[in-house]
Amino acid sequence: MVDLRKNESDDIYDPFNDGWNERITGIQQYDNPFGVNNWKFYEWEKGWLAADKAIKEEENK
């Protein structure tokens, strides 16, 4: 099972981990909370896609 990720520090916000966690909890990619003109949009998307890939790899084992 793919695990949730926690932000290492409260001082540093990491949208990658948020995207990862959202994918694990079942949120769809199009539910990205950030606008396209925000850098966090792309980091969140990278996290979501990385979690999606990890889930699919685990299913194929």
# chains A, B, ... in the order shown; residues from 1 in each chain; ligands from 1
>>> residues_around(residues="A:Trp48", least_positions_apart="2", cutoff="6 Å", atoms="only C-alpha atoms", output="list in words")
Gly19, Trp20, Arg23, Glu45, Lys46, Ala50 and Ala51 of chain A
>>> select_by_dssp(residues="stretch 1-60 of chain A", states="helix (DSSP H, G or I)", output="VMD selection string")
chain A and resid 15 to 24 29 to 31 39 to 59
>>> write_last_selection(atoms="N, CA and C atoms", output="mmCIF file, in the first residue's frame")
data_model
loop_
_atom_site.group_PDB
_atom_site.id
_atom_site.type_symbol
_atom_site.label_atom_id
_atom_site.label_comp_id
_atom_site.auth_asym_id
_atom_site.auth_seq_id
_atom_site.Cartn_x
_atom_site.Cartn_y
_atom_site.Cartn_z
ATOM 1 N N PRO A 15 3.695 21.652 -1.805
ATOM 2 C CA PRO A 15 2.517 21.235 -2.561
ATOM 3 C C PRO A 15 2.682 19.861 -3.219
ATOM 4 N N PHE A 16 3.923 19.413 -3.442
ATOM 5 C CA PHE A 16 4.149 18.076 -3.997
ATOM 6 C C PHE A 16 3.545 17.025 -3.069
ATOM 7 N N ASN A 17 3.849 17.143 -1.781
ATOM 8 C CA ASN A 17 3.308 16.187 -0.805
ATOM 9 C C ASN A 17 1.795 16.286 -0.706
ATOM 10 N N ASP A 18 1.255 17.479 -0.834
ATOM 11 C CA ASP A 18 -0.198 17.634 -0.807
ATOM 12 C C ASP A 18 -0.836 16.941 -2.004
ATOM 13 N N GLY A 19 -0.239 17.091 -3.184
ATOM 14 C CA GLY A 19 -0.750 16.409 -4.368
ATOM 15 C C GLY A 19 -0.678 14.898 -4.215
ATOM 16 N N TRP A 20 0.441 14.422 -3.666
ATOM 17 C CA TRP A 20 0.617 12.992 -3.403
ATOM 18 C C TRP A 20 -0.492 12.493 -2.477
ATOM 19 N N ASN A 21 -0.694 13.195 -1.374
ATOM 20 C CA ASN A 21 -1.693 12.780 -0.393
ATOM 21 C C ASN A 21 -3.110 12.835 -0.959
ATOM 22 N N GLU A 22 -3.380 13.822 -1.765
ATOM 23 C CA GLU A 22 -4.711 13.934 -2.369
ATOM 24 C C GLU A 22 -4.985 12.751 -3.281
ATOM 25 N N ARG A 23 -3.986 12.319 -4.042
ATOM 26 C CA ARG A 23 -4.169 11.151 -4.928
ATOM 27 C C ARG A 23 -4.425 9.898 -4.111
ATOM 28 N N ILE A 24 -3.698 9.732 -3.020
ATOM 29 C CA ILE A 24 -3.855 8.556 -2.168
ATOM 30 C C ILE A 24 -5.255 8.534 -1.548
ATOM 31 N N GLN A 29 -7.347 14.468 -10.285
ATOM 32 C CA GLN A 29 -6.323 15.414 -10.734
ATOM 33 C C GLN A 29 -6.923 16.772 -11.079
ATOM 34 N N TYR A 30 -8.104 16.793 -11.646
ATOM 35 C CA TYR A 30 -8.722 18.063 -12.027
ATOM 36 C C TYR A 30 -9.198 18.868 -10.813
ATOM 37 N N ASP A 31 -9.120 18.302 -9.625
ATOM 38 C CA ASP A 31 -9.487 19.022 -8.403
ATOM 39 C C ASP A 31 -8.308 19.775 -7.790
ATOM 40 N N TRP A 39 2.745 28.624 -9.343
ATOM 41 C CA TRP A 39 3.759 27.562 -9.366
ATOM 42 C C TRP A 39 3.324 26.352 -8.558
ATOM 43 N N LYS A 40 2.487 26.534 -7.550
ATOM 44 C CA LYS A 40 2.041 25.427 -6.713
ATOM 45 C C LYS A 40 1.169 24.449 -7.509
ATOM 46 N N PHE A 41 0.498 24.951 -8.537
ATOM 47 C CA PHE A 41 -0.327 24.100 -9.391
ATOM 48 C C PHE A 41 0.516 22.962 -9.967
ATOM 49 N N TYR A 42 1.668 23.304 -10.487
ATOM 50 C CA TYR A 42 2.531 22.319 -11.148
ATOM 51 C C TYR A 42 3.191 21.380 -10.140
ATOM 52 N N GLU A 43 3.577 21.888 -8.984
ATOM 53 C CA GLU A 43 4.155 21.024 -7.954
ATOM 54 C C GLU A 43 3.114 20.052 -7.410
ATOM 55 N N TRP A 44 1.897 20.544 -7.199
ATOM 56 C CA TRP A 44 0.813 19.685 -6.731
ATOM 57 C C TRP A 44 0.554 18.587 -7.762
ATOM 58 N N GLU A 45 0.518 18.979 -9.038
ATOM 59 C CA GLU A 45 0.281 18.025 -10.116
ATOM 60 C C GLU A 45 1.389 16.973 -10.186
ATOM 61 N N LYS A 46 2.636 17.391 -10.010
ATOM 62 C CA LYS A 46 3.749 16.435 -10.009
ATOM 63 C C LYS A 46 3.586 15.411 -8.890
ATOM 64 N N GLY A 47 3.182 15.878 -7.724
ATOM 65 C CA GLY A 47 2.960 14.964 -6.601
ATOM 66 C C GLY A 47 1.819 14.002 -6.878
ATOM 67 N N TRP A 48 0.726 14.513 -7.442
ATOM 68 C CA TRP A 48 -0.429 13.682 -7.767
ATOM 69 C C TRP A 48 -0.029 12.610 -8.777
ATOM 70 N N LEU A 49 0.696 13.009 -9.808
ATOM 71 C CA LEU A 49 1.105 12.060 -10.850
ATOM 72 C C LEU A 49 2.095 11.026 -10.319
ATOM 73 N N ALA A 50 3.004 11.443 -9.437
ATOM 74 C CA ALA A 50 3.962 10.501 -8.855
ATOM 75 C C ALA A 50 3.248 9.460 -8.005
ATOM 76 N N ALA A 51 2.258 9.879 -7.238
ATOM 77 C CA ALA A 51 1.481 8.933 -6.429
ATOM 78 C C ALA A 51 0.673 8.004 -7.324
ATOM 79 N N ASP A 52 0.114 8.533 -8.397
ATOM 80 C CA ASP A 52 -0.653 7.716 -9.336
ATOM 81 C C ASP A 52 0.241 6.635 -9.941
ATOM 82 N N LYS A 53 1.441 7.004 -10.303
ATOM 83 C CA LYS A 53 2.396 6.048 -10.862
ATOM 84 C C LYS A 53 2.760 4.986 -9.823
ATOM 85 N N ALA A 54 2.979 5.401 -8.587
ATOM 86 C CA ALA A 54 3.327 4.449 -7.518
ATOM 87 C C ALA A 54 2.174 3.477 -7.266
ATOM 88 N N ILE A 55 0.953 3.974 -7.296
ATOM 89 C CA ILE A 55 -0.212 3.108 -7.103
ATOM 90 C C ILE A 55 -0.315 2.081 -8.229
ATOM 91 N N LYS A 56 -0.132 2.536 -9.451
ATOM 92 C CA LYS A 56 -0.226 1.614 -10.598
ATOM 93 C C LYS A 56 0.887 0.578 -10.586
ATOM 94 N N GLU A 57 2.089 0.984 -10.179
ATOM 95 C CA GLU A 57 3.195 0.028 -10.091
ATOM 96 C C GLU A 57 2.917 -1.015 -9.022
ATOM 97 N N GLU A 58 2.350 -0.592 -7.920
ATOM 98 C CA GLU A 58 2.030 -1.536 -6.840
ATOM 99 C C GLU A 58 0.938 -2.517 -7.273
ATOM 100 N N GLU A 59 -0.024 -2.035 -8.042
ATOM 101 C CA GLU A 59 -1.100 -2.914 -8.529
ATOM 102 C C GLU A 59 -0.568 -3.965 -9.491
#
>>> atom_distance(atom1="atom CA of A:Gly26", atom2="atom CA of A:Leu4")
11.7 Å
>>> atom_distance(atom1="atom CA of A:Asn32", atom2="atom CA of A:Ile12")
19.5 Å
